[in-house]
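One file, target-v4.txt, carrying compact mmCIF, C-alpha atoms and all ligand atoms:
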```
# COMPACT_ATOMS: atom_id res chain seq x y z
CA MET A 1160 72.79 102.39 76.67
CA GLY A 1161 74.98 105.01 78.29
CA ARG A 1162 77.86 103.96 80.52
CA LEU A 1163 76.68 106.41 83.21
CA ASP A 1164 72.91 105.97 82.90
CA GLY A 1165 71.10 106.99 86.08
CA LYS A 1166 74.13 108.63 87.66
CA VAL A 1167 74.65 112.17 88.93
CA ALA A 1168 78.08 113.79 88.68
CA ILE A 1169 79.56 117.04 89.91
CA ILE A 1170 82.59 118.25 87.96
CA THR A 1171 84.66 121.20 89.20
CA GLY A 1172 86.24 123.64 86.78
CA ALA A 1173 84.02 122.37 83.96
CA GLY A 1174 83.77 125.77 82.27
CA ILE A 1175 86.59 125.00 79.87
CA GLY A 1176 89.36 122.52 79.09
CA ILE A 1177 89.31 118.93 80.38
CA GLY A 1178 86.35 119.62 82.69
CA ARG A 1179 84.12 120.85 79.87
CA SER A 1180 85.09 117.88 77.74
CA ALA A 1181 84.20 115.55 80.64
CA ALA A 1182 80.86 117.30 81.25
CA LEU A 1183 79.88 116.75 77.63
CA LEU A 1184 81.08 113.14 77.62
CA PHE A 1185 79.48 112.21 80.95
CA ALA A 1186 76.15 113.70 79.80
CA GLU A 1187 76.40 111.89 76.47
CA HIS A 1188 76.70 108.68 78.51
CA GLY A 1189 73.57 109.38 80.52
CA SER A 1190 74.81 111.21 83.60
CA GLN A 1191 73.15 114.34 84.95
CA VAL A 1192 75.96 116.82 85.41
CA ALA A 1193 76.51 119.66 87.86
CA ILE A 1194 79.08 122.14 86.56
CA ALA A 1195 80.84 123.62 89.61
CA GLU A 1196 82.82 126.47 88.08
CA ILE A 1197 84.10 129.82 89.37
CA ASN A 1198 83.65 131.56 86.01
CA SER A 1199 79.94 132.03 85.43
CA GLU A 1200 80.34 132.88 81.75
CA THR A 1201 82.18 129.70 80.79
CA GLY A 1202 80.21 127.60 83.29
CA ARG A 1203 76.92 128.70 81.73
CA GLU A 1204 78.33 128.06 78.28
CA THR A 1205 79.16 124.45 79.21
CA GLU A 1206 75.64 124.11 80.63
CA ARG A 1207 74.22 125.34 77.31
CA MET A 1208 76.46 123.00 75.33
CA VAL A 1209 75.38 119.94 77.34
CA ARG A 1210 71.70 120.84 77.01
CA LYS A 1211 72.07 121.51 73.30
CA ALA A 1212 73.52 118.02 72.91
CA GLY A 1213 70.45 116.60 74.67
CA GLY A 1214 71.96 116.14 78.13
CA GLU A 1215 70.97 117.40 81.56
CA ALA A 1216 73.23 119.95 83.21
CA MET A 1217 73.17 122.56 85.94
CA PHE A 1218 75.70 125.33 86.37
CA ILE A 1219 76.58 126.21 89.97
CA GLU A 1220 78.90 129.15 90.57
CA THR A 1221 81.50 127.61 92.88
CA ASP A 1222 84.86 128.48 94.35
CA VAL A 1223 86.44 125.17 95.36
CA THR A 1224 88.85 126.95 97.71
CA ASN A 1225 85.95 128.18 99.86
CA ALA A 1226 84.25 125.73 102.24
CA ASP A 1227 80.86 127.49 102.25
CA SER A 1228 80.82 127.66 98.46
CA VAL A 1229 81.70 123.96 98.15
CA GLN A 1230 79.10 122.92 100.69
CA ALA A 1231 76.44 124.96 98.88
CA ALA A 1232 77.42 123.50 95.50
CA ILE A 1233 77.25 119.90 96.70
CA GLY A 1234 73.90 120.61 98.36
CA ALA A 1235 72.49 122.30 95.25
CA ALA A 1236 73.53 119.44 92.96
CA ALA A 1237 72.13 116.75 95.27
CA ASN A 1238 68.88 118.69 95.74
CA ARG A 1239 68.35 119.27 92.06
CA PHE A 1240 69.16 115.75 90.89
CA GLY A 1241 68.14 113.85 94.05
CA LYS A 1242 71.53 112.24 94.82
CA LEU A 1243 75.22 112.30 94.00
CA ASN A 1244 77.25 109.39 92.57
CA ILE A 1245 80.39 110.95 91.08
CA VAL A 1246 82.67 113.72 92.33
CA TYR A 1247 85.23 114.76 89.72
CA ASN A 1248 87.75 117.18 91.17
CA ASN A 1249 89.12 118.75 88.03
CA ALA A 1250 89.67 122.43 88.91
CA GLY A 1251 93.37 123.21 89.13
CA GLY A 1252 96.44 123.82 87.04
CA ALA A 1253 99.94 125.25 86.96
CA THR A 1254 100.76 128.85 86.06
CA PRO A 1255 103.83 130.52 84.54
CA ASN A 1256 104.56 132.00 88.01
CA ASP A 1257 105.71 128.57 89.21
CA GLY A 1258 109.38 127.63 89.29
CA PRO A 1259 112.10 125.71 91.13
CA VAL A 1260 111.77 125.92 94.92
CA THR A 1261 114.57 128.48 95.21
CA GLU A 1262 112.82 130.84 92.81
CA ALA A 1263 109.05 130.26 93.06
CA PRO A 1264 107.13 132.98 94.93
CA ASP A 1265 105.51 131.91 98.22
CA GLU A 1266 102.16 133.22 96.93
CA GLU A 1267 102.31 130.77 94.03
CA PHE A 1268 102.90 127.89 96.43
CA TRP A 1269 99.79 128.80 98.43
CA ARG A 1270 97.75 129.42 95.25
CA ALA A 1271 98.53 125.91 93.99
CA ILE A 1272 97.97 124.30 97.39
CA SER A 1273 94.73 126.18 97.89
CA LEU A 1274 93.25 125.37 94.47
CA ASP A 1275 94.57 121.92 93.60
CA LEU A 1276 94.96 120.34 97.04
CA PHE A 1277 92.63 122.16 99.45
CA GLY A 1278 89.95 122.38 96.74
CA THR A 1279 90.11 118.59 96.36
CA PHE A 1280 90.07 118.18 100.15
CA LEU A 1281 86.96 120.35 100.50
CA MET A 1282 85.07 118.67 97.66
CA CYS A 1283 85.81 115.25 99.20
CA LYS A 1284 84.94 116.43 102.69
CA HIS A 1285 81.49 117.58 101.61
CA GLY A 1286 80.93 115.27 98.65
CA ILE A 1287 81.79 111.87 100.16
CA PRO A 1288 78.91 111.98 102.69
CA LYS A 1289 76.52 112.33 99.72
CA LEU A 1290 78.13 109.37 97.97
CA ILE A 1291 77.72 107.34 101.16
CA GLU A 1292 74.01 108.33 101.23
CA ALA A 1293 73.73 107.07 97.64
CA GLY A 1294 75.19 103.69 98.61
CA GLY A 1295 78.62 104.33 97.08
CA GLY A 1296 80.21 106.15 94.21
CA SER A 1297 83.35 107.32 92.47
CA VAL A 1298 85.72 110.16 93.30
CA ILE A 1299 88.06 111.21 90.50
CA ASN A 1300 90.88 113.53 91.45
CA SER A 1301 93.24 115.39 89.16
CA ALA A 1302 96.91 114.71 89.75
CA SER A 1303 99.50 115.04 87.00
CA ASN A 1304 102.54 113.27 85.66
CA VAL A 1305 104.50 115.57 88.02
CA ALA A 1306 103.13 113.46 90.89
CA LEU A 1307 104.83 110.37 89.41
CA MET A 1308 108.13 111.60 88.00
CA ALA A 1309 110.62 114.42 88.39
CA LEU A 1310 109.70 117.39 86.23
CA PRO A 1311 111.84 120.28 87.47
CA GLY A 1312 110.66 123.87 87.36
CA ARG A 1313 107.14 123.55 88.80
CA ASP A 1314 107.71 122.89 92.48
CA CYS A 1315 104.50 124.54 93.74
CA TYR A 1316 102.29 122.58 91.35
CA THR A 1317 104.29 119.40 92.01
CA ALA A 1318 103.79 119.73 95.76
CA ALA A 1319 100.05 120.18 95.33
CA LYS A 1320 99.62 117.28 92.90
CA GLY A 1321 101.83 114.99 95.03
CA GLY A 1322 99.44 115.73 97.88
CA VAL A 1323 96.45 114.90 95.69
CA ALA A 1324 98.03 111.54 94.75
CA ALA A 1325 98.78 110.64 98.38
CA MET A 1326 95.31 111.70 99.57
CA THR A 1327 93.75 109.64 96.77
CA ARG A 1328 95.30 106.47 98.19
CA SER A 1329 94.39 107.15 101.82
CA MET A 1330 90.80 108.10 100.97
CA ALA A 1331 90.45 104.97 98.79
CA ALA A 1332 91.49 102.78 101.73
CA GLU A 1333 89.24 104.64 104.16
CA TYR A 1334 86.01 104.74 102.16
CA ALA A 1335 86.10 101.39 100.32
CA ARG A 1336 83.85 99.98 103.06
CA HIS A 1337 81.20 102.44 101.84
CA ASN A 1338 81.59 101.20 98.28
CA ILE A 1339 83.39 104.38 97.29
CA ARG A 1340 86.27 104.27 94.87
CA VAL A 1341 88.85 107.06 94.80
CA ASN A 1342 91.27 107.41 91.90
CA ALA A 1343 93.33 110.16 90.33
CA LEU A 1344 94.21 111.00 86.77
CA ALA A 1345 97.84 111.77 85.95
CA PRO A 1346 97.83 113.48 82.56
CA CYS A 1347 100.80 114.66 80.55
CA ALA A 1348 100.58 117.98 78.69
CA VAL A 1349 97.01 118.40 77.45
CA ARG A 1350 96.21 120.91 74.75
CA THR A 1351 93.79 123.10 76.69
CA GLU A 1352 93.72 126.86 76.03
CA ARG A 1353 95.69 127.55 79.22
CA VAL A 1354 98.40 125.01 78.41
CA ALA A 1355 98.57 125.92 74.72
CA HIS A 1356 99.37 129.48 75.86
CA MET A 1357 102.10 128.18 78.22
CA MET A 1358 103.52 126.00 75.43
CA ASP A 1359 103.81 129.04 73.16
CA ASN A 1360 105.66 131.05 75.80
CA ASP A 1361 107.96 128.55 77.54
CA PRO A 1362 111.37 128.11 75.87
CA ASN A 1363 111.99 124.84 77.78
CA ILE A 1364 108.79 123.17 76.73
CA LYS A 1365 110.05 121.59 73.49
CA ALA A 1366 112.24 119.04 75.29
CA ILE A 1367 109.25 117.99 77.39
CA LEU A 1368 106.90 117.80 74.41
CA ASP A 1369 109.41 115.63 72.54
CA ARG A 1370 108.97 112.99 75.25
CA HIS A 1371 105.24 112.66 74.49
CA LEU A 1372 105.62 109.47 72.46
CA LEU A 1373 102.10 109.64 71.00
CA GLY A 1374 101.86 113.41 70.80
CA VAL A 1375 100.33 115.90 73.20
CA ALA A 1376 96.98 114.81 74.65
CA GLU A 1377 93.65 116.46 73.89
CA PRO A 1378 91.07 117.16 76.64
CA ILE A 1379 88.89 114.29 75.38
CA ASP A 1380 91.72 111.80 76.01
CA ILE A 1381 91.63 112.62 79.72
CA ALA A 1382 87.83 112.78 79.81
CA GLN A 1383 87.67 109.23 78.42
CA MET A 1384 89.72 107.89 81.34
CA ALA A 1385 87.53 109.87 83.74
CA LEU A 1386 84.46 108.28 82.12
CA TYR A 1387 85.90 104.83 82.74
CA LEU A 1388 86.70 105.63 86.38
CA ALA A 1389 83.24 107.12 86.89
CA SER A 1390 81.51 104.06 85.43
CA ASP A 1391 80.79 100.71 87.05
CA GLU A 1392 83.29 99.17 84.61
CA ALA A 1393 85.96 100.36 87.05
CA ARG A 1394 84.25 98.77 90.06
CA VAL A 1395 87.44 97.20 91.45
CA THR A 1396 89.83 100.00 90.51
CA THR A 1397 90.60 102.19 93.50
CA GLY A 1398 93.48 104.10 95.06
CA GLN A 1399 95.22 104.41 91.70
CA VAL A 1400 96.97 107.36 90.12
CA LEU A 1401 96.45 106.54 86.46
CA PRO A 1402 98.79 108.01 83.86
CA VAL A 1403 97.14 109.23 80.66
CA ASP A 1404 100.42 110.56 79.49
CA SER A 1405 101.49 109.68 75.98
CA GLY A 1406 104.31 107.63 77.49
CA ILE A 1407 106.11 110.53 79.16
CA THR A 1408 106.62 108.61 82.41
CA ILE A 1409 108.41 105.81 80.55
CA SER A 1410 110.34 107.83 77.96
N1 LIG B 1 96.16 120.72 80.74
C1 LIG B 1 97.21 119.99 81.12
O1 LIG B 1 98.25 119.92 80.45
C2 LIG B 1 97.15 119.21 82.41
C3 LIG B 1 98.16 118.26 82.69
C4 LIG B 1 98.10 117.55 83.87
C5 LIG B 1 97.08 117.77 84.77
N2 LIG B 1 96.12 118.69 84.48
C6 LIG B 1 95.08 118.93 85.48
O2 LIG B 1 93.80 118.77 84.89
C7 LIG B 1 92.88 119.68 85.48
C8 LIG B 1 92.21 120.51 84.39
O3 LIG B 1 93.20 121.17 83.63
P1 LIG B 1 92.82 122.11 82.40
O4 LIG B 1 94.06 122.32 81.61
O5 LIG B 1 91.60 121.60 81.74
O6 LIG B 1 92.50 123.47 83.17
P2 LIG B 1 91.82 124.84 82.60
O7 LIG B 1 92.65 125.95 83.14
O8 LIG B 1 91.57 124.72 81.14
O9 LIG B 1 90.42 124.82 83.34
C9 LIG B 1 90.36 124.91 84.73
C10 LIG B 1 88.98 125.41 85.10
O10 LIG B 1 88.91 125.52 86.53
C11 LIG B 1 88.24 126.73 86.84
N3 LIG B 1 88.62 127.18 88.18
C12 LIG B 1 89.75 127.85 88.53
N4 LIG B 1 89.74 128.14 89.83
C13 LIG B 1 88.58 127.63 90.33
C14 LIG B 1 88.00 127.61 91.60
N5 LIG B 1 88.61 128.18 92.67
N6 LIG B 1 86.80 127.00 91.77
C15 LIG B 1 86.16 126.43 90.70
N7 LIG B 1 86.68 126.42 89.46
C16 LIG B 1 87.87 127.02 89.28
C17 LIG B 1 88.69 127.71 85.75
O11 LIG B 1 87.81 128.82 85.68
C18 LIG B 1 88.65 126.80 84.53
O12 LIG B 1 87.38 126.78 83.94
C19 LIG B 1 93.70 120.51 86.47
O13 LIG B 1 93.57 119.97 87.77
C20 LIG B 1 95.12 120.36 85.97
O14 LIG B 1 96.09 120.53 86.99
C21 LIG B 1 96.13 119.40 83.32
```
What's the structure tokens form of this structure?
Ligand SMILES: NC(=O)c1ccc[n+]([C@@H]2O[C@H](COP(=O)([O-])OP(=O)(O)OC[C@H]3O[C@@H](n4cnc5c(N)ncnc54)[C@H](O)[C@@H]3O)[C@@H](O)[C@H]2O)c1
Amino acid sequence: MGRLDGKVAIITGAGIGIGRSAALLFAEHGSQVAIAEINSETGRETERMVRKAGGEAMFIETDVTNADSVQAAIGAAANRFGKLNIVYNNAGGATPNDGPVTEAPDEEFWRAISLDLFGTFLMCKHGIPKLIEAGGGSVINSASNVALMALPGRDCYTAAKGGVAAMTRSMAAEYARHNIRVNALAPCAVRTERVAHMMDNDPNIKAILDRHLLGVAEPIDIAQMALYLASDEARVTTGQVLPVDSGITIS
């Protein structure tokens, strides 16, 4: 029996990286999965991969920073699969344009806020009413270890993820009466294509990687925690920002 049998999930940014890994894992555990991704090529590829593995998936071209696009994506997923139980806000990520506050370009600040924080806000704004209709559900947000500890040099990303962590707690308190749980993942460095590229080009990264006591995480490591939070096994876990971080926050 799958841990998500009978559930319907929407995962943003599931064209690649952690989101793709989660789409495959959620489907393997019985969930129908809507892939809300801005890149139609990678989004369709994830859809193909899930179907090839025997799961049910639907790609929806989505820009999480655009309210109309988000509303349409939530509607399309709920129409196709009949309901919505899980909203996994995964789309996001730092870029090499980030930096300390005195050096980071203003545009990078608004890029990070728009994608990581406003994207999460919009998906919750339009997704939570569907979870309420379904009698409850699970929201999984994507924070980062930067929301829990000082990691200098990424102040735009840090601001956005700190906002995600704070909003996770307030939404958890607000919507618990509707049987909705809201949690956030706080990963360390995860070997996705984007981050592998940053690792290769950042001279300061070695010191950070050395603090990963169990090595750098793989996308599946984060997807496994998302699976737990999505499942009924986590029925009393809410409002938490859960480190999946190879010990970096304690090293
Ligand atoms: N990889 C890491 O080291 C790491 C560490 C901590 C937290 N995280 C967080 O985990 C999440 C996933 O990270 P990842 O490394 O897998 O990212 P990734 O860059 O590999 O994938 C992100 C996906 O989001 C999509 N996307 C970008 N903008 C979008 C938009 N406007 N609308 C819809 N989709 C959009 C991209 O096309 C891509 O497919 C992010 O929120 C990131 O901040 C990652």
May I have a table of the residues of chain A lying at most 8 Å from ligand LIG 1 (chain B), giving each one's closest pair of atoms and their distance in Å to one decimal, counting all atoms listed in the file, ordered by chain and ascending residue number, as JSON lines?
```
{"residue": "A:Thr1171", "atom": "CA", "partner": "B:LIG1", "partner_atom": "N7", "distance": 5.6}
{"residue": "A:Gly1172", "atom": "CA", "partner": "B:LIG1", "partner_atom": "O10", "distance": 3.3}
{"residue": "A:Ala1173", "atom": "CA", "partner": "B:LIG1", "partner_atom": "O12", "distance": 5.5}
{"residue": "A:Gly1174", "atom": "CA", "partner": "B:LIG1", "partner_atom": "O12", "distance": 4.1}
{"residue": "A:Ile1175", "atom": "CA", "partner": "B:LIG1", "partner_atom": "O12", "distance": 4.5}
{"residue": "A:Gly1176", "atom": "CA", "partner": "B:LIG1", "partner_atom": "O5", "distance": 3.6}
{"residue": "A:Ile1177", "atom": "CA", "partner": "B:LIG1", "partner_atom": "O5", "distance": 3.8}
{"residue": "A:Gly1178", "atom": "CA", "partner": "B:LIG1", "partner_atom": "O5", "distance": 5.7}
{"residue": "A:Arg1179", "atom": "CA", "partner": "B:LIG1", "partner_atom": "O5", "distance": 7.7}
{"residue": "A:Ala1195", "atom": "CA", "partner": "B:LIG1", "partner_atom": "C15", "distance": 6.1}
{"residue": "A:Glu1196", "atom": "CA", "partner": "B:LIG1", "partner_atom": "N7", "distance": 4.1}
{"residue": "A:Ile1197", "atom": "CA", "partner": "B:LIG1", "partner_atom": "C15", "distance": 4.2}
{"residue": "A:Asn1198", "atom": "CA", "partner": "B:LIG1", "partner_atom": "O11", "distance": 5.0}
{"residue": "A:Thr1201", "atom": "CA", "partner": "B:LIG1", "partner_atom": "O12", "distance": 6.7}
{"residue": "A:Gly1202", "atom": "CA", "partner": "B:LIG1", "partner_atom": "O12", "distance": 7.2}
{"residue": "A:Glu1220", "atom": "CA", "partner": "B:LIG1", "partner_atom": "C15", "distance": 7.8}
{"residue": "A:Thr1221", "atom": "CA", "partner": "B:LIG1", "partner_atom": "C15", "distance": 5.3}
{"residue": "A:Asp1222", "atom": "CA", "partner": "B:LIG1", "partner_atom": "N6", "distance": 3.6}
{"residue": "A:Val1223", "atom": "CA", "partner": "B:LIG1", "partner_atom": "N6", "distance": 4.0}
{"residue": "A:Thr1224", "atom": "CA", "partner": "B:LIG1", "partner_atom": "N5", "distance": 5.2}
{"residue": "A:Asn1225", "atom": "CA", "partner": "B:LIG1", "partner_atom": "N5", "distance": 7.7}
{"residue": "A:Asn1248", "atom": "CA", "partner": "B:LIG1", "partner_atom": "O13", "distance": 7.3}
{"residue": "A:Asn1249", "atom": "CA", "partner": "B:LIG1", "partner_atom": "O13", "distance": 4.6}
{"residue": "A:Ala1250", "atom": "CA", "partner": "B:LIG1", "partner_atom": "O10", "distance": 4.0}
{"residue": "A:Gly1251", "atom": "CA", "partner": "B:LIG1", "partner_atom": "O13", "distance": 3.5}
{"residue": "A:Gly1252", "atom": "CA", "partner": "B:LIG1", "partner_atom": "O14", "distance": 3.3}
{"residue": "A:Ala1253", "atom": "CA", "partner": "B:LIG1", "partner_atom": "O14", "distance": 6.1}
{"residue": "A:Leu1274", "atom": "CA", "partner": "B:LIG1", "partner_atom": "N5", "distance": 5.7}
{"residue": "A:Asp1275", "atom": "CA", "partner": "B:LIG1", "partner_atom": "O13", "distance": 6.2}
{"residue": "A:Gly1278", "atom": "CA", "partner": "B:LIG1", "partner_atom": "N5", "distance": 7.2}
{"residue": "A:Asn1300", "atom": "CA", "partner": "B:LIG1", "partner_atom": "O13", "distance": 7.9}
{"residue": "A:Ser1301", "atom": "CA", "partner": "B:LIG1", "partner_atom": "O13", "distance": 4.8}
{"residue": "A:Ala1302", "atom": "CA", "partner": "B:LIG1", "partner_atom": "C5", "distance": 5.8}
{"residue": "A:Ser1303", "atom": "CA", "partner": "B:LIG1", "partner_atom": "C4", "distance": 4.2}
{"residue": "A:Asn1304", "atom": "CA", "partner": "B:LIG1", "partner_atom": "C4", "distance": 6.4}
{"residue": "A:Val1305", "atom": "CA", "partner": "B:LIG1", "partner_atom": "C4", "distance": 7.9}
{"residue": "A:Tyr1316", "atom": "CA", "partner": "B:LIG1", "partner_atom": "O14", "distance": 7.9}
{"residue": "A:Lys1320", "atom": "CA", "partner": "B:LIG1", "partner_atom": "O14", "distance": 7.6}
{"residue": "A:Leu1344", "atom": "CA", "partner": "B:LIG1", "partner_atom": "C5", "distance": 7.6}
{"residue": "A:Ala1345", "atom": "CA", "partner": "B:LIG1", "partner_atom": "C4", "distance": 6.1}
{"residue": "A:Pro1346", "atom": "CA", "partner": "B:LIG1", "partner_atom": "C4", "distance": 4.3}
{"residue": "A:Cys1347", "atom": "CA", "partner": "B:LIG1", "partner_atom": "C3", "distance": 5.0}
{"residue": "A:Ala1348", "atom": "CA", "partner": "B:LIG1", "partner_atom": "O1", "distance": 3.5}
{"residue": "A:Val1349", "atom": "CA", "partner": "B:LIG1", "partner_atom": "O1", "distance": 3.6}
{"residue": "A:Arg1350", "atom": "CA", "partner": "B:LIG1", "partner_atom": "N1", "distance": 6.0}
{"residue": "A:Thr1351", "atom": "CA", "partner": "B:LIG1", "partner_atom": "O4", "distance": 5.0}
{"residue": "A:Glu1352", "atom": "CA", "partner": "B:LIG1", "partner_atom": "O8", "distance": 5.9}
{"residue": "A:Arg1353", "atom": "CA", "partner": "B:LIG1", "partner_atom": "O7", "distance": 5.2}
{"residue": "A:Val1354", "atom": "CA", "partner": "B:LIG1", "partner_atom": "N1", "distance": 5.4}
{"residue": "A:Ala1376", "atom": "CA", "partner": "B:LIG1", "partner_atom": "O1", "distance": 7.8}
{"residue": "A:Pro1378", "atom": "CA", "partner": "B:LIG1", "partner_atom": "O5", "distance": 6.8}
```
Kindly save the residues from that selection, with C-alpha atoms included, as a CSV table (one decimal), in the coordinates of the input.
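Dumped to selection34.csv:
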```csv
chain,number,residue,atom,x,y,z
A,1171,THR,CA,84.7,121.2,89.2
A,1172,GLY,CA,86.2,123.6,86.8
A,1173,ALA,CA,84.0,122.4,84.0
A,1174,GLY,CA,83.8,125.8,82.3
A,1175,ILE,CA,86.6,125.0,79.9
A,1176,GLY,CA,89.4,122.5,79.1
A,1177,ILE,CA,89.3,118.9,80.4
A,1178,GLY,CA,86.4,119.6,82.7
A,1179,ARG,CA,84.1,120.8,79.9
A,1195,ALA,CA,80.8,123.6,89.6
A,1196,GLU,CA,82.8,126.5,88.1
A,1197,ILE,CA,84.1,129.8,89.4
A,1198,ASN,CA,83.6,131.6,86.0
A,1201,THR,CA,82.2,129.7,80.8
A,1202,GLY,CA,80.2,127.6,83.3
A,1220,GLU,CA,78.9,129.2,90.6
A,1221,THR,CA,81.5,127.6,92.9
A,1222,ASP,CA,84.9,128.5,94.4
A,1223,VAL,CA,86.4,125.2,95.4
A,1224,THR,CA,88.8,127.0,97.7
A,1225,ASN,CA,86.0,128.2,99.9
A,1248,ASN,CA,87.8,117.2,91.2
A,1249,ASN,CA,89.1,118.8,88.0
A,1250,ALA,CA,89.7,122.4,88.9
A,1251,GLY,CA,93.4,123.2,89.1
A,1252,GLY,CA,96.4,123.8,87.0
A,1253,ALA,CA,99.9,125.2,87.0
A,1274,LEU,CA,93.2,125.4,94.5
A,1275,ASP,CA,94.6,121.9,93.6
A,1278,GLY,CA,90.0,122.4,96.7
A,1300,ASN,CA,90.9,113.5,91.4
A,1301,SER,CA,93.2,115.4,89.2
A,1302,ALA,CA,96.9,114.7,89.8
A,1303,SER,CA,99.5,115.0,87.0
A,1304,ASN,CA,102.5,113.3,85.7
A,1305,VAL,CA,104.5,115.6,88.0
A,1316,TYR,CA,102.3,122.6,91.4
A,1320,LYS,CA,99.6,117.3,92.9
A,1344,LEU,CA,94.2,111.0,86.8
A,1345,ALA,CA,97.8,111.8,86.0
A,1346,PRO,CA,97.8,113.5,82.6
A,1347,CYS,CA,100.8,114.7,80.6
A,1348,ALA,CA,100.6,118.0,78.7
A,1349,VAL,CA,97.0,118.4,77.4
A,1350,ARG,CA,96.2,120.9,74.8
A,1351,THR,CA,93.8,123.1,76.7
A,1352,GLU,CA,93.7,126.9,76.0
A,1353,ARG,CA,95.7,127.6,79.2
A,1354,VAL,CA,98.4,125.0,78.4
A,1376,ALA,CA,97.0,114.8,74.6
A,1378,PRO,CA,91.1,117.2,76.6
```
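Each of A:Met1282, A:Leu1401, A:Ala1318, A:Val1298 was checked against Trp1269 (chain A) using all atoms listed in the file; the smallest atom-to-atom distance is that of A:Ala1318.
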- prompt: When you draw a straight line from CA of Arg1210 (chain A) to CA of Ala1293 (chain A), how long is it in Å?
  reply: 24.9 Å
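Using all atoms listed in the file, the contacts of Leu1386 (chain A) at a cut-off of 9 Å, with sequence neighbours closer than 3 positions omitted, comprise Arg1162, Leu1163, Ala1181, Leu1184, Phe1185, His1188, Ile1381, Ala1382, Gln1383, Ala1389 and Ser1390 of chain A.
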task: Calculate how many Å separate CA of Glu1206 (chain A) from CA of Phe1218 (chain A), rounding to one decimal.
output: 5.9 Å
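Across the model, the gap from CA of Arg1270 (chain A) to CA of Asp1314 (chain A) is 12.2 Å.
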message: Using all atoms listed in the file, which protein or nucleic acid residues come within 8 Å of region 1233-1241 of chain A? Drop anything in the same chain fewer than 6 positions from it, and give the result as JSON, numbers by chain.
response: {"A": [1167, 1169, 1191, 1193, 1217, 1219, 1282, 1285, 1286, 1289]}
query: A:Ala1232, A:Ile1245, A:Gly1312, A:Ala1306: which is nearest Glu1262 (chain A), counting only C-alpha atoms?
result: A:Gly1312
field: Of the listed residues A:Glu1377, A:Asp1361, A:Asp1369, A:Asp1391, that which approaches Ile1339 (chain A) most closely, counting only C-alpha atoms
entry: A:Asp1391
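Nearest to Gly1165 (chain A) of all the residues A:Glu1215, A:Asp1265, A:Asp1227, A:Glu1333 is A:Glu1215, based on only C-alpha atoms.
Closest to Ala1325 (chain A) among A:Val1192, A:Cys1283, A:Ala1216, A:Val1400 is A:Val1400, based on all atoms listed in the file.
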- request: Fewer than 2 positions away in the same chain doesn't count, so skip those; otherwise give me all residues within 7 Å of His1337 (chain A), counting all atoms listed in the file, as an MDAnalysis selection string.
  value: chainID A and resid 1291 1294:1295 1334:1335 1339
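Proximity ranking of A:Ile1407, A:Ala1366, A:Leu1243, A:Ile1194 relative to Pro1288 (chain A) places A:Leu1243 first, based on all atoms listed in the file.
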Output region 1163-1174 of chain A from the block with N, CA and C atoms, as an mmCIF file, in the first residue's frame?
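Everything below was put into result-v4.cif:
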```cif
data_model
loop_
_atom_site.group_PDB
_atom_site.id
_atom_site.type_symbol
_atom_site.label_atom_id
_atom_site.label_comp_id
_atom_site.auth_asym_id
_atom_site.auth_seq_id
_atom_site.Cartn_x
_atom_site.Cartn_y
_atom_site.Cartn_z
ATOM 1 N N LEU A 1163 0.626 7.482 0.075
ATOM 2 C CA LEU A 1163 -0.226 8.595 -0.370
ATOM 3 C C LEU A 1163 -1.398 8.093 -1.211
ATOM 4 N N ASP A 1164 -1.795 6.864 -1.009
ATOM 5 C CA ASP A 1164 -2.907 6.311 -1.811
ATOM 6 C C ASP A 1164 -4.138 7.206 -1.720
ATOM 7 N N GLY A 1165 -4.733 7.485 -2.877
ATOM 8 C CA GLY A 1165 -5.981 8.258 -2.921
ATOM 9 C C GLY A 1165 -5.790 9.755 -2.825
ATOM 10 N N LYS A 1166 -4.546 10.217 -2.763
ATOM 11 C CA LYS A 1166 -4.325 11.657 -2.608
ATOM 12 C C LYS A 1166 -3.955 12.309 -3.936
ATOM 13 N N VAL A 1167 -4.200 13.622 -3.994
ATOM 14 C CA VAL A 1167 -3.844 14.415 -5.170
ATOM 15 C C VAL A 1167 -2.893 15.529 -4.720
ATOM 16 N N ALA A 1168 -1.754 15.619 -5.391
ATOM 17 C CA ALA A 1168 -0.748 16.620 -5.018
ATOM 18 C C ALA A 1168 -0.462 17.545 -6.186
ATOM 19 N N ILE A 1169 -0.165 18.795 -5.875
ATOM 20 C CA ILE A 1169 0.394 19.697 -6.889
ATOM 21 C C ILE A 1169 1.783 20.083 -6.397
ATOM 22 N N ILE A 1170 2.770 19.954 -7.270
ATOM 23 C CA ILE A 1170 4.159 20.255 -6.899
ATOM 24 C C ILE A 1170 4.672 21.309 -7.871
ATOM 25 N N THR A 1171 5.122 22.442 -7.348
ATOM 26 C CA THR A 1171 5.652 23.487 -8.229
ATOM 27 C C THR A 1171 7.131 23.228 -8.522
ATOM 28 N N GLY A 1172 7.551 23.670 -9.700
ATOM 29 C CA GLY A 1172 8.957 23.515 -10.075
ATOM 30 C C GLY A 1172 9.387 22.059 -10.135
ATOM 31 N N ALA A 1173 8.468 21.198 -10.576
ATOM 32 C CA ALA A 1173 8.772 19.751 -10.565
ATOM 33 C C ALA A 1173 9.395 19.279 -11.874
ATOM 34 N N GLY A 1174 9.901 20.214 -12.684
ATOM 35 C CA GLY A 1174 10.521 19.831 -13.949
ATOM 36 C C GLY A 1174 11.905 19.239 -13.771
#
```
